[in-house]
Amino acid sequence: MALLTGLSQAFLSMLESGQRRLTNIDRIIVLLDGLNAPVDITGPMLRPIAAAQGPSLRTIS
């Protein structure tokens with residue numbers, strides 16, 4: 001999941017355990033983009049602006 005979303009494994013683990021909350025809109029957008037969440041579930045406001053114009057916001061090196 002970390003590779004798909006670009007979020008660290010440690011951060012994702014803290015989310016799962018309830019130690020952290022996902023409140024940063026930029027991280028929410030990266031998570032949804034990485035998981036290819038459909039727009040009809042997320043709404044257009046939670047989609048990367050660049051999605052319609054080119055590649056996704058996340059980068060995997």
# chains A, B, ... in the order shown; residues from 1 in each chain; ligands from 1
call {"tool": "residues_around", "arguments": {"residues": "A:Ile25", "least_positions_apart": "6", "cutoff": "12 Å", "atoms": "only C-alpha atoms", "output": "number ranges by chain"}}
result
A: 31-32, 45-48
call {"tool": "write_last_selection", "arguments": {"atoms": "N, CA, C and O atoms", "output": "PDB file, in the first residue's frame"}}
result
ATOM      1  N   LEU A  31      -3.462   9.633  -1.207  1.00  0.00           N
ATOM      2  CA  LEU A  31      -3.948   8.301  -0.843  1.00  0.00           C
ATOM      3  C   LEU A  31      -5.030   7.841  -1.822  1.00  0.00           C
ATOM      4  O   LEU A  31      -4.963   6.734  -2.358  1.00  0.00           O
ATOM      5  N   LEU A  32      -6.016   8.685  -2.072  1.00  0.00           N
ATOM      6  CA  LEU A  32      -7.104   8.316  -2.984  1.00  0.00           C
ATOM      7  C   LEU A  32      -6.593   8.085  -4.402  1.00  0.00           C
ATOM      8  O   LEU A  32      -7.028   7.148  -5.078  1.00  0.00           O
ATOM      9  N   MET A  45     -13.674  17.056  -5.905  1.00  0.00           N
ATOM     10  CA  MET A  45     -12.853  17.928  -5.062  1.00  0.00           C
ATOM     11  C   MET A  45     -11.673  17.184  -4.432  1.00  0.00           C
ATOM     12  O   MET A  45     -10.691  17.797  -4.050  1.00  0.00           O
ATOM     13  N   LEU A  46     -11.777  15.876  -4.301  1.00  0.00           N
ATOM     14  CA  LEU A  46     -10.702  15.086  -3.697  1.00  0.00           C
ATOM     15  C   LEU A  46      -9.886  14.349  -4.745  1.00  0.00           C
ATOM     16  O   LEU A  46      -9.312  13.307  -4.478  1.00  0.00           O
ATOM     17  N   ARG A  47      -9.808  14.887  -5.935  1.00  0.00           N
ATOM     18  CA  ARG A  47      -9.013  14.299  -6.996  1.00  0.00           C
ATOM     19  C   ARG A  47      -7.920  15.271  -7.370  1.00  0.00           C
ATOM     20  O   ARG A  47      -8.102  16.489  -7.306  1.00  0.00           O
ATOM     21  N   PRO A  48      -6.758  14.770  -7.755  1.00  0.00           N
ATOM     22  CA  PRO A  48      -5.671  15.661  -8.172  1.00  0.00           C
ATOM     23  C   PRO A  48      -6.057  16.447  -9.412  1.00  0.00           C
ATOM     24  O   PRO A  48      -6.671  15.914 -10.330  1.00  0.00           O
TER      25      PRO A  48
END
call {"tool": "atom_distance", "arguments": {"atom1": "atom CA of A:Leu4", "atom2": "atom CA of A:Leu35"}}
result
6.5 Å
call {"tool": "atom_distance", "arguments": {"atom1": "atom CA of A:Met14", "atom2": "atom CA of A:Gly43"}}
result
25.7 Å
call {"tool": "residues_around", "arguments": {"residues": "A:Ile29", "least_positions_apart": "2", "cutoff": "12 Å", "atoms": "only C-alpha atoms", "output": "count of residues only"}}
result
30
